Amino acid sequence: MKDRSLFQRLFEPPSLTEMAPASRILTYAILILWAIVVLFPLYWVFITSFKLPFQVNDGPDFLPFLDFEPSAHAWRYIFVELGNDTLRPYMNSVIIALTSTVLAVTIGSLAAYALVRIQYNVKIGTIAGFIVLLGATVYAVTQFGTPWHVTAAIALALFFFFATSFGRHFRRSLGNNDILFWIISNRILPPVVAVLPIYLMFQRVGLLDTHVAMIATYMAVNLPIVVWLMRDFFAGIPIDLEESAEIDGASRIRIFATIVLPLARPGLAATFLLVLILAWNEYLLALFISTADAQTMPLLVAAQNATRGPQWWYMSVLIVIMIAPIIAMTILLQKHIARGLMVGAVKG
């Protein structure tokens, strides 16, 4: 066998499992270039947090100790002079984002599993009755000032009475796909459309600017995403495993907890991180629902745009401490996230 030419050695792969040297060099060059594009904004924010105001305004300086002398002025202002004004929004973000994400993933996973394994036949008349009672509850609370928890309990009792007594007489019904589409359509709706009713609702019930209002809102907003994503993960789990466990006497809850959830761990990790990021970075709803006690970090970052213009040095410090836990969690869950993103890629 003759020696291969220079062209063949550069552009032809030596084996089926290896890339050609030219292809390998081009691939790594593109990856390095893309990494620079992705990481440079983070680097720029980080070095800006160590600049003085005049250094930020003078022009772009890229290298600390060479182009400019680093200063901890902005960090001292954020952590020492502001102190609790920084710590309180940060802890609010941690509590609200984590709690709403855990609740959304828990409830959404149960709903997604139910839509995959249980066939529903919901009567349209029953749904219409629920909507009427919900509207009556809101009207009674807002117009007559009745206690919302008492009114909601009465409406719930009336709904169960209506559903059990008259629900079977309705013919038209909705299936699992209809329910899934309705759940997803709630996320398609722009949040700005619903933010004013949400604000008025929490104002009437006295929950405005509280953790409960923020957690409930974030959970409701992100719940459709969890149902949408987890449904595909659960659908990829063989039903034979569940049927075997059911034959052995395991309940559906035990099957879900001990068989389904461990197999869907990559999907849970990917979904959890996505919903956590959405809740952590949410700004519009927080702007309306919270004022001081439940203020989150995005509002604190936006507050650095003062009358004298954006204070980029303070804003950069806040952004750095905002993205740090998300980056750390992404690195921690990287293996599960990568597996979760690949689930379903070879279906068909």
# chains A, B, ... in the order shown; residues from 1 in each chain; ligands from 1
>>> closest_atom_pairs(of="region 41-141 of chain A", to="region 152-157 of chain A", cutoff="8 Å", atoms="only C-alpha atoms", output="Markdown table")
| residue | atom | partner | partner_atom | distance |
| --- | --- | --- | --- | --- |
| A:Leu133 | CA | A:Ala155 | CA | 5.9 |
| A:Leu134 | CA | A:Ala155 | CA | 7.3 |
| A:Thr137 | CA | A:Ala152 | CA | 6.3 |
>>> select_by_dssp(residues="region 239-348 of chain A", states="alpha helix (DSSP H)", output="number ranges by chain")
A: 239-247, 252-255, 261-263, 265-281, 284-289, 297-302, 312-332, 334-342
>>> atom_distance(atom1="CA of Pro53 (chain A)", atom2="CA of Trp313 (chain A)")
6.7 Å
>>> residues_around(residues="region 208-216 of chain A", least_positions_apart="5", cutoff="10 Å", atoms="only C-alpha atoms", output="number ranges by chain")
A: 92-93, 95-101, 103-104, 198-203, 221, 279, 285-296
>>> atom_distance(atom1="CA of Gly129 (chain A)", atom2="CA of Val226 (chain A)")
27.0 Å
>>> select_by_dssp(residues="region 75-303 of chain A", states="strand (DSSP E)", output="number ranges by chain")
A: 122-123, 173-174
>>> write_last_selection(atoms="C-alpha atoms", output="tab-separated table (two decimals), in the first residue's frame")
chain	number	residue	atom	x	y	z
A	122	VAL	CA	-63.75	15.72	31.04
A	123	LYS	CA	-67.24	17.00	30.33
A	173	SER	CA	-66.08	16.06	26.47
A	174	LEU	CA	-62.38	16.83	26.17
>>> closest_residue(among="A:Leu82, A:Val205, A:Arg76, A:Gly167", to="Gln143 (chain A)", atoms="only C-alpha atoms")
A:Val205
>>> closest_residue(among="A:Asn121, A:Thr151, A:Ser15, A:Ser23", to="Asn176 (chain A)", atoms="only C-alpha atoms")
A:Asn121
>>> residues_around(residues="Ile259 (chain A)", least_positions_apart="6", cutoff="10 Å", atoms="only C-alpha atoms", output="ChimeraX atom specification")
/A:237,241-242,245,253
>>> residues_around(residues="His73 (chain A)", least_positions_apart="2", cutoff="10 Å", atoms="only C-alpha atoms", output="count of residues only")
13
>>> closest_atom_pairs(of="region 10-50 of chain A", to="region 322-329 of chain A", cutoff="12 Å", atoms="only C-alpha atoms", output="Markdown table")
| residue | atom | partner | partner_atom | distance |
| --- | --- | --- | --- | --- |
| A:Leu42 | CA | A:Ile323 | CA | 9.3 |
| A:Val45 | CA | A:Ile323 | CA | 10.8 |
| A:Phe46 | CA | A:Ile323 | CA | 10.8 |
>>> write_last_selection(atoms="N, CA and C atoms", output="tab-separated table (two decimals), in the first residue's frame")
chain	number	residue	atom	x	y	z
A	42	LEU	N	-19.73	37.72	29.73
A	42	LEU	CA	-19.55	37.43	31.15
A	42	LEU	C	-18.24	38.02	31.66
A	45	VAL	N	-18.66	41.86	31.97
A	45	VAL	CA	-19.41	42.23	33.17
A	45	VAL	C	-18.53	42.08	34.41
A	46	PHE	N	-17.75	41.01	34.46
A	46	PHE	CA	-16.91	40.75	35.63
A	46	PHE	C	-15.86	41.84	35.81
>>> closest_residue(among="A:Gly206, A:Gly59, A:Ala114, A:Ala194", to="Trp148 (chain A)", atoms="only C-alpha atoms")
A:Gly206
>>> decode(residues="region 283-298 of chain A", atoms="all heavy atoms", output="compact mmCIF listing (two decimals), in the first residue's frame")
# COMPACT_ATOMS: atom_id res chain seq x y z
N TYR A 283 -38.91 39.50 35.57
CA TYR A 283 -38.91 40.93 35.93
C TYR A 283 -40.31 41.55 35.90
O TYR A 283 -40.68 42.28 36.83
CB TYR A 283 -37.99 41.69 34.98
CG TYR A 283 -38.05 43.19 35.17
CD1 TYR A 283 -37.38 43.80 36.23
CD2 TYR A 283 -38.75 44.00 34.29
CE1 TYR A 283 -37.43 45.17 36.42
CE2 TYR A 283 -38.81 45.38 34.46
CZ TYR A 283 -38.15 45.96 35.53
OH TYR A 283 -38.20 47.31 35.71
N LEU A 284 -41.09 41.28 34.85
CA LEU A 284 -42.36 41.98 34.67
C LEU A 284 -43.34 41.73 35.80
O LEU A 284 -43.88 42.67 36.40
CB LEU A 284 -42.99 41.57 33.33
CG LEU A 284 -44.35 42.20 33.02
CD1 LEU A 284 -44.22 43.71 32.88
CD2 LEU A 284 -44.95 41.59 31.77
N LEU A 285 -43.57 40.47 36.14
CA LEU A 285 -44.52 40.15 37.21
C LEU A 285 -44.02 40.67 38.55
O LEU A 285 -44.81 41.18 39.36
CB LEU A 285 -44.74 38.63 37.28
CG LEU A 285 -45.41 38.00 36.05
CD1 LEU A 285 -45.40 36.49 36.15
CD2 LEU A 285 -46.85 38.50 35.93
N ALA A 286 -42.72 40.55 38.80
CA ALA A 286 -42.16 41.06 40.05
C ALA A 286 -42.32 42.57 40.16
O ALA A 286 -42.51 43.11 41.26
CB ALA A 286 -40.68 40.69 40.16
N LEU A 287 -42.27 43.27 39.04
CA LEU A 287 -42.40 44.72 39.04
C LEU A 287 -43.78 45.15 39.53
O LEU A 287 -43.92 46.16 40.22
CB LEU A 287 -42.15 45.26 37.64
CG LEU A 287 -42.25 46.78 37.45
CD1 LEU A 287 -41.19 47.49 38.27
CD2 LEU A 287 -42.14 47.14 35.98
N PHE A 288 -44.82 44.36 39.22
CA PHE A 288 -46.19 44.71 39.60
C PHE A 288 -46.57 44.15 40.96
O PHE A 288 -47.28 44.80 41.73
CB PHE A 288 -47.17 44.20 38.54
CG PHE A 288 -47.24 45.07 37.31
CD1 PHE A 288 -46.30 44.94 36.30
CD2 PHE A 288 -48.23 46.02 37.16
CE1 PHE A 288 -46.36 45.74 35.17
CE2 PHE A 288 -48.30 46.82 36.04
CZ PHE A 288 -47.35 46.68 35.03
N ILE A 289 -46.13 42.92 41.26
CA ILE A 289 -46.62 42.24 42.46
C ILE A 289 -45.83 42.63 43.69
O ILE A 289 -46.37 42.66 44.80
CB ILE A 289 -46.57 40.71 42.24
CG1 ILE A 289 -47.44 40.32 41.05
CG2 ILE A 289 -47.05 39.96 43.48
CD1 ILE A 289 -47.34 38.85 40.68
N SER A 290 -44.55 42.94 43.55
CA SER A 290 -43.71 43.26 44.70
C SER A 290 -43.32 44.73 44.68
O SER A 290 -43.22 45.34 43.62
CB SER A 290 -42.45 42.39 44.71
OG SER A 290 -41.64 42.70 43.59
N THR A 291 -43.08 45.26 45.88
CA THR A 291 -42.62 46.64 46.00
C THR A 291 -41.34 46.72 46.83
O THR A 291 -40.32 47.19 46.37
CB THR A 291 -43.70 47.53 46.64
OG1 THR A 291 -44.12 46.94 47.89
CG2 THR A 291 -44.90 47.67 45.72
N ALA A 292 -41.38 46.25 48.08
CA ALA A 292 -40.21 46.34 48.95
C ALA A 292 -39.93 45.01 49.65
O ALA A 292 -38.82 44.47 49.56
CB ALA A 292 -40.40 47.44 49.98
N ASP A 293 -40.92 44.46 50.34
CA ASP A 293 -40.70 43.26 51.16
C ASP A 293 -40.37 42.03 50.31
O ASP A 293 -39.58 41.18 50.74
CB ASP A 293 -41.95 42.97 52.01
CG ASP A 293 -42.17 44.05 53.05
OD1 ASP A 293 -41.19 44.74 53.41
OD2 ASP A 293 -43.32 44.22 53.51
N ALA A 294 -40.98 41.90 49.14
CA ALA A 294 -40.75 40.74 48.28
C ALA A 294 -39.95 41.09 47.04
O ALA A 294 -40.00 40.37 46.04
CB ALA A 294 -42.09 40.11 47.88
N GLN A 295 -39.21 42.18 47.08
CA GLN A 295 -38.42 42.61 45.93
C GLN A 295 -37.36 41.57 45.60
O GLN A 295 -36.71 41.02 46.48
CB GLN A 295 -37.75 43.95 46.22
CG GLN A 295 -36.98 44.52 45.04
CD GLN A 295 -36.19 45.75 45.43
OE1 GLN A 295 -35.58 45.80 46.50
NE2 GLN A 295 -36.19 46.77 44.57
N THR A 296 -37.15 41.30 44.31
CA THR A 296 -36.18 40.32 43.86
C THR A 296 -35.00 41.00 43.18
O THR A 296 -35.01 42.21 42.94
CB THR A 296 -36.83 39.32 42.89
OG1 THR A 296 -37.45 40.03 41.81
CG2 THR A 296 -37.90 38.48 43.60
N MET A 297 -34.00 40.22 42.82
CA MET A 297 -32.77 40.76 42.27
C MET A 297 -32.95 41.48 40.93
O MET A 297 -32.31 42.51 40.70
CB MET A 297 -31.74 39.65 42.14
CG MET A 297 -31.11 39.23 43.46
SD MET A 297 -30.21 40.55 44.29
CE MET A 297 -28.84 40.78 43.16
N PRO A 298 -33.77 40.99 39.99
CA PRO A 298 -33.94 41.75 38.75
C PRO A 298 -34.42 43.17 38.98
O PRO A 298 -34.00 44.09 38.25
CB PRO A 298 -34.98 40.92 37.97
CG PRO A 298 -34.77 39.54 38.46
CD PRO A 298 -34.44 39.68 39.91
